[in-house]
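Since the structure comes first, as structure tokens, the remarks are kept for the end.
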Amino acid sequence: MAVRPVFMVSLDQRICIRENIEFEFFNGFSDQQKKRCIRSLHKEFLEKYSDRKVLEISSKSEEELGVALSAFQLKMKLGDGREVSVESAFQASKVFERGGPYVDLLNASSKAAKKDERLKNSGKILAFQLEGERYAAEPKTFFYQWLYLHALHLHPELAEPLMAYDAFTDIVFHPQKSINCQAEAAAVYVSLKKQGLLEKALDDQTYFKKIYGSSSI
């Protein structure tokens, strides 16, 4: 057995509701085993929340939409016209005690950017910096959410069908090992959109941080 979070859309100030679900876990690194875990997690979740529609967001998803919404796949556009993945942009923006931002990672694949050794050996994260703009390191998941929401908003072909769902998982996300989660970011996007807060949140970093800080994220 294992426990993983499901991130649910909220129509109040909580923005995102996190529910930990216990489910039968299938060991192994193959895609087949990961998909078995996803089905098991969703089954247990839907037994408790039968009125919800849940989507796995990761490269292991059985839905094309879920794969496309992975931070490894989802693209954002830089000022110079380059398109990079959310994951590469996030890793390339980290400012550490002893280095960074490592802007060369903008040209790296998502996988290579995430595994770059400098990210492990440069000390504590002090801030984030992308295209000359500085972002605070606290709250810890703020900058990741900010990047993901902006990238997603550039892709209506993904954002529109996403609105049909109100719960999201990421089977690769382990709360004891990671902080940021693409499933959580998707839930935040849908919540803000349904509450009519999305446009202002995207335009005003201070406003987004204010409602972000008052939520249960």
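Each chain of the structure tokens is named A, B, ... in the order shown, its residues numbered from 1; ligands are numbered from 1 in display order.
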
- Task: Assign secondary structure with DSSP using the backbone only, and return the residues of chain A in strand (DSSP E) as a PyMOL selection string.
- Result: chain A and resi 2-9+16-23+54-56+75-77+83-85+94-96+125-130+133-136+167-169

At most 12 Å is the cut-off: for each residue in segment 49-117 of chain A with any atom that close to an atom of segment 18-36 of chain A, write down the nearest atom pair and the distance in Å rounded to one decimal, counting only C-alpha atoms, chain first then increasing number, as JSON lines.
{"residue": "A:Tyr49", "atom": "CA", "partner": "A:Glu19", "partner_atom": "CA", "distance": 10.5}
{"residue": "A:Glu56", "atom": "CA", "partner": "A:Lys35", "partner_atom": "CA", "distance": 9.6}
{"residue": "A:Ile57", "atom": "CA", "partner": "A:Lys35", "partner_atom": "CA", "distance": 11.7}
{"residue": "A:Ser58", "atom": "CA", "partner": "A:Lys34", "partner_atom": "CA", "distance": 10.4}
{"residue": "A:Ser59", "atom": "CA", "partner": "A:Asp31", "partner_atom": "CA", "distance": 9.0}
{"residue": "A:Lys60", "atom": "CA", "partner": "A:Asp31", "partner_atom": "CA", "distance": 6.2}
{"residue": "A:Ser61", "atom": "CA", "partner": "A:Lys35", "partner_atom": "CA", "distance": 7.0}
{"residue": "A:Glu62", "atom": "CA", "partner": "A:Lys35", "partner_atom": "CA", "distance": 7.2}
{"residue": "A:Glu63", "atom": "CA", "partner": "A:Lys35", "partner_atom": "CA", "distance": 10.8}

Export, as a PDB file, in the first residue's frame, the selected residues with N, CA, C and O atoms.
ATOM      1  N   TYR A  49     -14.989   9.949  -3.665  1.00  0.00           N
ATOM      2  CA  TYR A  49     -15.514  11.152  -4.334  1.00  0.00           C
ATOM      3  C   TYR A  49     -16.053  10.755  -5.705  1.00  0.00           C
ATOM      4  O   TYR A  49     -15.446  11.050  -6.736  1.00  0.00           O
ATOM      5  N   GLU A  56      -4.879  12.048 -14.551  1.00  0.00           N
ATOM      6  CA  GLU A  56      -3.459  11.899 -14.255  1.00  0.00           C
ATOM      7  C   GLU A  56      -2.663  12.833 -15.165  1.00  0.00           C
ATOM      8  O   GLU A  56      -2.838  12.824 -16.393  1.00  0.00           O
ATOM      9  N   ILE A  57      -1.811  13.649 -14.570  1.00  0.00           N
ATOM     10  CA  ILE A  57      -0.961  14.551 -15.341  1.00  0.00           C
ATOM     11  C   ILE A  57       0.486  14.128 -15.169  1.00  0.00           C
ATOM     12  O   ILE A  57       1.122  14.410 -14.153  1.00  0.00           O
ATOM     13  N   SER A  58       0.987  13.414 -16.148  1.00  0.00           N
ATOM     14  CA  SER A  58       2.382  12.973 -16.170  1.00  0.00           C
ATOM     15  C   SER A  58       2.616  12.242 -17.480  1.00  0.00           C
ATOM     16  O   SER A  58       1.667  11.963 -18.228  1.00  0.00           O
ATOM     17  N   SER A  59       3.867  11.912 -17.741  1.00  0.00           N
ATOM     18  CA  SER A  59       4.186  11.160 -18.957  1.00  0.00           C
ATOM     19  C   SER A  59       3.631   9.744 -18.899  1.00  0.00           C
ATOM     20  O   SER A  59       3.591   9.048 -19.910  1.00  0.00           O
ATOM     21  N   LYS A  60       3.172   9.317 -17.717  1.00  0.00           N
ATOM     22  CA  LYS A  60       2.615   7.973 -17.538  1.00  0.00           C
ATOM     23  C   LYS A  60       1.098   7.939 -17.722  1.00  0.00           C
ATOM     24  O   LYS A  60       0.491   6.873 -17.669  1.00  0.00           O
ATOM     25  N   SER A  61       0.491   9.087 -17.935  1.00  0.00           N
ATOM     26  CA  SER A  61      -0.966   9.165 -18.050  1.00  0.00           C
ATOM     27  C   SER A  61      -1.473   8.335 -19.220  1.00  0.00           C
ATOM     28  O   SER A  61      -0.816   8.215 -20.262  1.00  0.00           O
ATOM     29  N   GLU A  62      -2.659   7.767 -19.049  1.00  0.00           N
ATOM     30  CA  GLU A  62      -3.293   7.017 -20.134  1.00  0.00           C
ATOM     31  C   GLU A  62      -4.125   7.930 -21.025  1.00  0.00           C
ATOM     32  O   GLU A  62      -4.704   7.468 -22.013  1.00  0.00           O
ATOM     33  N   GLU A  63      -4.182   9.202 -20.687  1.00  0.00           N
ATOM     34  CA  GLU A  63      -4.887  10.197 -21.490  1.00  0.00           C
ATOM     35  C   GLU A  63      -3.870  11.097 -22.191  1.00  0.00           C
ATOM     36  O   GLU A  63      -2.917  11.579 -21.577  1.00  0.00           O
TER      37      GLU A  63
END

- Near Phe142 of chain A, counting only C-alpha atoms, which residues have an atom at most 12 Å away, once you skip same-chain residues fewer than 2 positions from it, shown as an MDAnalysis selection string? chainID A and resid 90 127:128 135:140 144:149 179:181 184:185 188 205:206 208:213 215 217

With N, CA and C atoms retained, could you export that selection as a compact mmCIF listing (two decimals), in the first residue's frame?
# COMPACT_ATOMS: atom_id res chain seq x y z
N PHE A 90 12.13 26.16 -15.32
CA PHE A 90 12.17 26.16 -13.86
C PHE A 90 13.58 25.86 -13.35
N ALA A 127 16.64 32.26 -4.58
CA ALA A 127 15.62 32.96 -5.37
C ALA A 127 15.52 32.28 -6.73
N PHE A 128 14.68 32.85 -7.59
CA PHE A 128 14.59 32.41 -8.98
C PHE A 128 14.76 33.64 -9.87
N TYR A 135 12.42 36.45 -8.72
CA TYR A 135 11.25 35.95 -8.01
C TYR A 135 11.69 35.37 -6.67
N ALA A 136 10.88 35.57 -5.65
CA ALA A 136 11.20 35.09 -4.31
C ALA A 136 11.14 33.56 -4.25
N ALA A 137 11.93 32.99 -3.36
CA ALA A 137 11.95 31.54 -3.18
C ALA A 137 10.83 31.07 -2.25
N GLU A 138 10.15 31.99 -1.62
CA GLU A 138 9.03 31.65 -0.72
C GLU A 138 7.76 32.36 -1.20
N PRO A 139 6.60 31.73 -1.11
CA PRO A 139 6.37 30.34 -0.73
C PRO A 139 7.10 29.38 -1.69
N LYS A 140 7.45 28.22 -1.21
CA LYS A 140 8.35 27.33 -1.93
C LYS A 140 7.84 26.91 -3.31
N TYR A 144 7.11 27.92 -9.34
CA TYR A 144 6.72 26.80 -10.22
C TYR A 144 5.28 26.97 -10.68
N GLN A 145 4.40 27.30 -9.73
CA GLN A 145 2.99 27.52 -10.07
C GLN A 145 2.87 28.66 -11.08
N TRP A 146 3.59 29.74 -10.83
CA TRP A 146 3.55 30.93 -11.69
C TRP A 146 3.95 30.56 -13.13
N LEU A 147 5.03 29.81 -13.28
CA LEU A 147 5.49 29.38 -14.60
C LEU A 147 4.46 28.49 -15.28
N TYR A 148 3.99 27.49 -14.54
CA TYR A 148 3.07 26.51 -15.12
C TYR A 148 1.78 27.18 -15.58
N LEU A 149 1.21 28.03 -14.75
CA LEU A 149 -0.05 28.69 -15.11
C LEU A 149 0.10 29.54 -16.37
N ILE A 179 8.70 18.85 -3.92
CA ILE A 179 7.88 19.96 -3.44
C ILE A 179 6.85 20.38 -4.47
N ASN A 180 7.30 20.54 -5.71
CA ASN A 180 6.43 21.04 -6.77
C ASN A 180 5.71 19.90 -7.47
N CYS A 181 4.47 20.16 -7.86
CA CYS A 181 3.66 19.12 -8.49
C CYS A 181 2.80 19.72 -9.60
N GLU A 184 -0.97 19.65 -8.99
CA GLU A 184 -1.43 20.74 -8.13
C GLU A 184 -1.59 22.02 -8.94
N ALA A 185 -0.63 22.29 -9.82
CA ALA A 185 -0.69 23.50 -10.64
C ALA A 185 -1.92 23.48 -11.55
N VAL A 188 -4.95 24.36 -9.49
CA VAL A 188 -4.97 25.80 -9.22
C VAL A 188 -5.49 26.56 -10.44
N GLN A 205 1.58 39.52 -10.24
CA GLN A 205 2.29 38.56 -9.40
C GLN A 205 1.95 38.76 -7.92
N THR A 206 1.85 40.02 -7.50
CA THR A 206 1.54 40.33 -6.10
C THR A 206 0.16 39.81 -5.73
N PHE A 208 -1.50 37.34 -7.24
CA PHE A 208 -1.47 35.89 -7.22
C PHE A 208 -0.84 35.38 -5.94
N LYS A 209 0.22 36.03 -5.51
CA LYS A 209 0.90 35.60 -4.28
C LYS A 209 -0.03 35.81 -3.07
N LYS A 210 -0.84 36.85 -3.13
CA LYS A 210 -1.77 37.12 -2.02
C LYS A 210 -2.82 36.03 -1.90
N ILE A 211 -3.46 35.68 -3.01
CA ILE A 211 -4.49 34.64 -2.93
C ILE A 211 -3.86 33.27 -2.76
N TYR A 212 -2.67 33.10 -3.28
CA TYR A 212 -1.91 31.86 -3.10
C TYR A 212 -1.60 31.65 -1.62
N GLY A 213 -1.16 32.73 -0.96
CA GLY A 213 -0.80 32.63 0.44
C GLY A 213 -1.98 32.38 1.36
N SER A 215 -4.52 30.51 0.51
CA SER A 215 -5.13 29.23 0.17
C SER A 215 -4.50 28.12 1.01
N ILE A 217 -2.73 25.70 -0.26
CA ILE A 217 -1.64 25.10 -1.03
C ILE A 217 -0.45 24.84 -0.13

- Item | Interatomic distance (Å, one decimal) between atom CA of Asp104 of chain A and atom CA of Ala71 of chain A |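 Straight-line distance from atom CA of Asp104 of chain A to atom CA of Ala71 of chain A works out to 18.2 Å.
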
- Message: Neighbouring residues of Leu162 of chain A were defined as those with any atom within 8 Å, considering only C-alpha atoms; residues of the same chain fewer than 4 positions away were excluded. Please report them as an MDAnalysis selection string.
- Response: chainID A and resid 65 158 190

Keeping only N, CA and C atoms, write the selected residues as a CSV table (one decimal), in the first residue's frame.
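Printed below is part26.csv as written:
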chain,number,residue,atom,x,y,z
A,65,LEU,N,-4.2,14.1,-23.1
A,65,LEU,CA,-4.2,15.4,-22.4
A,65,LEU,C,-3.3,15.4,-21.2
A,158,LEU,N,-5.2,22.9,-24.8
A,158,LEU,CA,-5.0,22.1,-23.6
A,158,LEU,C,-5.8,22.6,-22.4
A,190,VAL,N,-7.5,25.5,-12.9
A,190,VAL,CA,-8.9,25.3,-13.1
A,190,VAL,C,-9.7,26.1,-12.0

- Residue nearest Phe45 of chain A among A:Ala68, A:Met163, A:Val6, A:Leu154 (counting only C-alpha atoms):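 Using only C-alpha atoms, Phe45 of chain A sits closest to A:Val6.
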
- Message: Would you compute the distance between atom CA of Phe72 of chain A and atom CA of Ser88 of chain A? Give it in Å to one decimal.
- Response: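 Separating atom CA of Phe72 of chain A from atom CA of Ser88 of chain A is a distance of 7.7 Å.
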
- Excluding Ser85 of chain A and any residue of its chain fewer than 2 positions from it, enumerate the residues within 9 Å of it, using only C-alpha atoms, and give them as a PyMOL selection string. chain A and resi 71-77+83+87-90+106+109-110+151

- Which distance in Å separates atom CA of Lys193 of chain A and atom CA of Ile17 of chain A, to one decimal?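 Distance between the two atoms: 15.4 Å.
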
- Item | Given only C-alpha atoms as the counted atoms, nearest of A:Ser50, A:Ala186, A:Leu78, A:Phe173 to Leu152 of chain A |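 Of the candidates, the smallest distance to Leu152 of chain A is held by A:Ala186.
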
Determine which residues of segment 11-212 of chain A DSSP labels as alpha helix (DSSP H) from the backbone of this structure, then write them out as a compact mmCIF listing (two decimals) with N, CA and C atoms, in the first residue's frame.
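For reference, part.txt as written:
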# COMPACT_ATOMS: atom_id res chain seq x y z
N ASP A 31 6.39 1.50 -17.46
CA ASP A 31 5.18 2.29 -17.66
C ASP A 31 3.94 1.49 -17.29
N GLN A 32 3.97 0.19 -17.55
CA GLN A 32 2.82 -0.67 -17.24
C GLN A 32 2.54 -0.66 -15.74
N GLN A 33 3.58 -0.74 -14.93
CA GLN A 33 3.39 -0.74 -13.48
C GLN A 33 2.89 0.62 -12.99
N LYS A 34 3.42 1.69 -13.58
CA LYS A 34 2.97 3.04 -13.21
C LYS A 34 1.49 3.23 -13.54
N LYS A 35 1.08 2.71 -14.69
CA LYS A 35 -0.33 2.83 -15.09
C LYS A 35 -1.23 2.02 -14.16
N ARG A 36 -0.75 0.88 -13.70
CA ARG A 36 -1.52 0.09 -12.72
C ARG A 36 -1.69 0.88 -11.43
N CYS A 37 -0.65 1.57 -11.03
CA CYS A 37 -0.72 2.41 -9.82
C CYS A 37 -1.72 3.54 -10.00
N ILE A 38 -1.71 4.16 -11.18
CA ILE A 38 -2.65 5.26 -11.47
C ILE A 38 -4.08 4.76 -11.37
N ARG A 39 -4.35 3.62 -11.99
CA ARG A 39 -5.71 3.07 -11.94
C ARG A 39 -6.13 2.76 -10.51
N SER A 40 -5.21 2.21 -9.76
CA SER A 40 -5.50 1.87 -8.37
C SER A 40 -5.78 3.12 -7.54
N LEU A 41 -4.96 4.15 -7.71
CA LEU A 41 -5.15 5.42 -7.00
C LEU A 41 -6.48 6.05 -7.36
N HIS A 42 -6.79 6.10 -8.64
CA HIS A 42 -8.05 6.70 -9.08
C HIS A 42 -9.26 5.92 -8.58
N LYS A 43 -9.14 4.61 -8.57
CA LYS A 43 -10.25 3.77 -8.08
C LYS A 43 -10.57 4.10 -6.62
N GLU A 44 -9.54 4.17 -5.80
CA GLU A 44 -9.75 4.47 -4.38
C GLU A 44 -10.29 5.88 -4.19
N PHE A 45 -9.79 6.81 -4.97
CA PHE A 45 -10.26 8.19 -4.86
C PHE A 45 -11.74 8.30 -5.24
N LEU A 46 -12.12 7.66 -6.35
CA LEU A 46 -13.49 7.77 -6.83
C LEU A 46 -14.48 7.02 -5.95
N GLU A 47 -14.01 6.07 -5.19
CA GLU A 47 -14.90 5.42 -4.23
C GLU A 47 -15.30 6.39 -3.13
N LYS A 48 -14.45 7.36 -2.87
CA LYS A 48 -14.73 8.36 -1.85
C LYS A 48 -15.38 9.61 -2.44
N GLU A 64 -4.07 11.36 -23.48
CA GLU A 64 -3.16 12.23 -24.22
C GLU A 64 -3.06 13.61 -23.58
N LEU A 65 -4.18 14.10 -23.08
CA LEU A 65 -4.19 15.41 -22.43
C LEU A 65 -3.27 15.42 -21.22
N GLY A 66 -3.32 14.36 -20.43
CA GLY A 66 -2.48 14.28 -19.24
C GLY A 66 -1.00 14.26 -19.57
N VAL A 67 -0.64 13.58 -20.65
CA VAL A 67 0.76 13.54 -21.09
C VAL A 67 1.20 14.93 -21.57
N ALA A 68 0.36 15.57 -22.36
CA ALA A 68 0.68 16.89 -22.91
C ALA A 68 0.83 17.95 -21.83
N VAL A 86 8.37 23.87 -19.40
CA VAL A 86 8.24 24.44 -18.06
C VAL A 86 9.35 23.89 -17.16
N GLU A 87 9.64 22.62 -17.30
CA GLU A 87 10.67 22.00 -16.46
C GLU A 87 12.04 22.62 -16.70
N SER A 88 12.43 22.79 -17.95
CA SER A 88 13.73 23.38 -18.26
C SER A 88 13.80 24.82 -17.77
N ALA A 89 12.73 25.59 -17.97
CA ALA A 89 12.71 26.98 -17.52
C ALA A 89 12.82 27.06 -16.00
N PHE A 90 12.13 26.16 -15.32
CA PHE A 90 12.17 26.16 -13.86
C PHE A 90 13.58 25.86 -13.35
N GLN A 91 14.20 24.83 -13.88
CA GLN A 91 15.54 24.46 -13.42
C GLN A 91 16.57 25.53 -13.78
N ALA A 92 16.41 26.15 -14.94
CA ALA A 92 17.35 27.17 -15.40
C ALA A 92 17.22 28.48 -14.63
N SER A 110 14.18 18.52 -20.93
CA SER A 110 13.59 18.54 -19.58
C SER A 110 14.34 17.59 -18.65
N LYS A 111 14.59 16.39 -19.13
CA LYS A 111 15.25 15.37 -18.32
C LYS A 111 16.66 15.78 -17.97
N ALA A 112 17.40 16.28 -18.96
CA ALA A 112 18.78 16.70 -18.72
C ALA A 112 18.85 17.89 -17.76
N ALA A 113 17.92 18.82 -17.92
CA ALA A 113 17.89 19.99 -17.04
C ALA A 113 17.66 19.58 -15.59
N LYS A 114 16.72 18.70 -15.38
CA LYS A 114 16.38 18.28 -14.02
C LYS A 114 17.51 17.51 -13.35
N LYS A 115 18.30 16.78 -14.15
CA LYS A 115 19.34 15.93 -13.59
C LYS A 115 20.72 16.61 -13.56
N ARG A 118 24.89 20.43 -11.19
CA ARG A 118 25.05 21.73 -10.52
C ARG A 118 23.88 22.06 -9.61
N LEU A 119 22.72 21.54 -9.95
CA LEU A 119 21.53 21.81 -9.14
C LEU A 119 21.62 21.16 -7.77
N LYS A 120 22.43 20.13 -7.67
CA LYS A 120 22.58 19.41 -6.40
C LYS A 120 23.76 19.91 -5.58
N ASN A 121 24.68 20.61 -6.23
CA ASN A 121 25.94 20.96 -5.58
C ASN A 121 26.17 22.45 -5.37
N PHE A 142 5.65 28.68 -5.17
CA PHE A 142 5.06 29.83 -5.87
C PHE A 142 5.58 29.97 -7.30
N PHE A 143 6.90 29.99 -7.47
CA PHE A 143 7.46 30.25 -8.79
C PHE A 143 7.09 29.15 -9.79
N TYR A 144 7.11 27.92 -9.34
CA TYR A 144 6.72 26.80 -10.22
C TYR A 144 5.28 26.97 -10.68
N GLN A 145 4.40 27.30 -9.73
CA GLN A 145 2.99 27.52 -10.07
C GLN A 145 2.87 28.66 -11.08
N TRP A 146 3.59 29.74 -10.83
CA TRP A 146 3.55 30.93 -11.69
C TRP A 146 3.95 30.56 -13.13
N LEU A 147 5.03 29.81 -13.28
CA LEU A 147 5.49 29.38 -14.60
C LEU A 147 4.46 28.49 -15.28
N TYR A 148 3.99 27.49 -14.54
CA TYR A 148 3.07 26.51 -15.12
C TYR A 148 1.78 27.18 -15.58
N LEU A 149 1.21 28.03 -14.75
CA LEU A 149 -0.05 28.69 -15.11
C LEU A 149 0.10 29.54 -16.37
N HIS A 150 1.21 30.28 -16.46
CA HIS A 150 1.42 31.11 -17.64
C HIS A 150 1.62 30.26 -18.89
N ALA A 151 2.37 29.18 -18.76
CA ALA A 151 2.60 28.30 -19.91
C ALA A 151 1.29 27.67 -20.37
N LEU A 152 0.51 27.16 -19.43
CA LEU A 152 -0.76 26.52 -19.76
C LEU A 152 -1.71 27.49 -20.46
N HIS A 153 -1.71 28.75 -20.02
CA HIS A 153 -2.62 29.75 -20.58
C HIS A 153 -2.30 30.05 -22.04
N PRO A 156 -4.63 27.13 -25.33
CA PRO A 156 -6.07 26.90 -25.14
C PRO A 156 -6.50 25.51 -25.56
N GLU A 157 -5.76 24.88 -26.48
CA GLU A 157 -6.11 23.53 -26.92
C GLU A 157 -5.93 22.53 -25.79
N LEU A 158 -5.17 22.91 -24.76
CA LEU A 158 -5.00 22.07 -23.57
C LEU A 158 -5.84 22.60 -22.41
N ALA A 159 -5.86 23.92 -22.26
CA ALA A 159 -6.56 24.54 -21.13
C ALA A 159 -8.08 24.30 -21.19
N GLU A 160 -8.64 24.35 -22.38
CA GLU A 160 -10.09 24.20 -22.50
C GLU A 160 -10.57 22.80 -22.11
N PRO A 161 -9.98 21.73 -22.65
CA PRO A 161 -10.44 20.39 -22.21
C PRO A 161 -10.10 20.10 -20.76
N LEU A 162 -9.10 20.77 -20.23
CA LEU A 162 -8.74 20.58 -18.82
C LEU A 162 -9.89 20.98 -17.89
N GLN A 182 2.92 19.15 -10.79
CA GLN A 182 2.17 19.64 -11.94
C GLN A 182 0.66 19.40 -11.79
N ALA A 183 0.28 18.35 -11.08
CA ALA A 183 -1.14 18.10 -10.84
C ALA A 183 -1.74 19.19 -9.97
N GLU A 184 -0.97 19.65 -8.99
CA GLU A 184 -1.43 20.74 -8.13
C GLU A 184 -1.59 22.02 -8.94
N ALA A 185 -0.63 22.29 -9.82
CA ALA A 185 -0.69 23.50 -10.64
C ALA A 185 -1.92 23.48 -11.55
N ALA A 186 -2.26 22.31 -12.08
CA ALA A 186 -3.44 22.19 -12.93
C ALA A 186 -4.72 22.47 -12.14
N ALA A 187 -4.77 21.97 -10.91
CA ALA A 187 -5.94 22.22 -10.06
C ALA A 187 -6.07 23.71 -9.75
N VAL A 188 -4.95 24.36 -9.49
CA VAL A 188 -4.97 25.80 -9.22
C VAL A 188 -5.49 26.56 -10.44
N TYR A 189 -5.03 26.17 -11.63
CA TYR A 189 -5.46 26.83 -12.86
C TYR A 189 -6.98 26.74 -13.02
N VAL A 190 -7.50 25.53 -12.89
CA VAL A 190 -8.94 25.33 -13.08
C VAL A 190 -9.73 26.08 -12.01
N SER A 191 -9.26 26.06 -10.78
CA SER A 191 -9.94 26.77 -9.69
C SER A 191 -10.01 28.26 -9.96
N LEU A 192 -8.88 28.84 -10.34
CA LEU A 192 -8.84 30.28 -10.60
C LEU A 192 -9.73 30.65 -11.79
N LYS A 193 -9.70 29.81 -12.82
CA LYS A 193 -10.52 30.06 -14.00
C LYS A 193 -12.00 30.02 -13.66
N LYS A 194 -12.43 29.02 -12.90
CA LYS A 194 -13.84 28.88 -12.56
C LYS A 194 -14.32 29.98 -11.61
N LEU A 198 -8.51 34.14 -12.76
CA LEU A 198 -7.30 33.74 -13.48
C LEU A 198 -6.59 34.89 -14.16
N GLU A 199 -7.32 35.71 -14.91
CA GLU A 199 -6.68 36.78 -15.67
C GLU A 199 -5.92 37.74 -14.77
N LYS A 200 -6.55 38.13 -13.67
CA LYS A 200 -5.88 39.05 -12.75
C LYS A 200 -4.67 38.38 -12.09
N ALA A 201 -4.79 37.11 -11.77
CA ALA A 201 -3.69 36.39 -11.15
C ALA A 201 -2.50 36.29 -12.09
N LEU A 202 -2.76 36.09 -13.38
CA LEU A 202 -1.69 36.00 -14.36
C LEU A 202 -1.03 37.34 -14.62
N ASP A 203 -1.80 38.40 -14.51
CA ASP A 203 -1.27 39.74 -14.80
C ASP A 203 -0.54 40.36 -13.62
N GLN A 205 1.58 39.52 -10.24
CA GLN A 205 2.29 38.56 -9.40
C GLN A 205 1.95 38.76 -7.92
N THR A 206 1.85 40.02 -7.50
CA THR A 206 1.54 40.33 -6.10
C THR A 206 0.16 39.81 -5.73
N TYR A 207 -0.79 40.01 -6.63
CA TYR A 207 -2.15 39.53 -6.38
C TYR A 207 -2.19 38.01 -6.30
N PHE A 208 -1.50 37.34 -7.24
CA PHE A 208 -1.47 35.89 -7.22
C PHE A 208 -0.84 35.38 -5.94
N LYS A 209 0.22 36.03 -5.51
CA LYS A 209 0.90 35.60 -4.28
C LYS A 209 -0.03 35.81 -3.07
N LYS A 210 -0.84 36.85 -3.13
CA LYS A 210 -1.77 37.12 -2.02
C LYS A 210 -2.82 36.03 -1.90
N ILE A 211 -3.46 35.68 -3.01
CA ILE A 211 -4.49 34.64 -2.93
C ILE A 211 -3.86 33.27 -2.76
N TYR A 212 -2.67 33.10 -3.28
CA TYR A 212 -1.91 31.86 -3.10
C TYR A 212 -1.60 31.65 -1.62
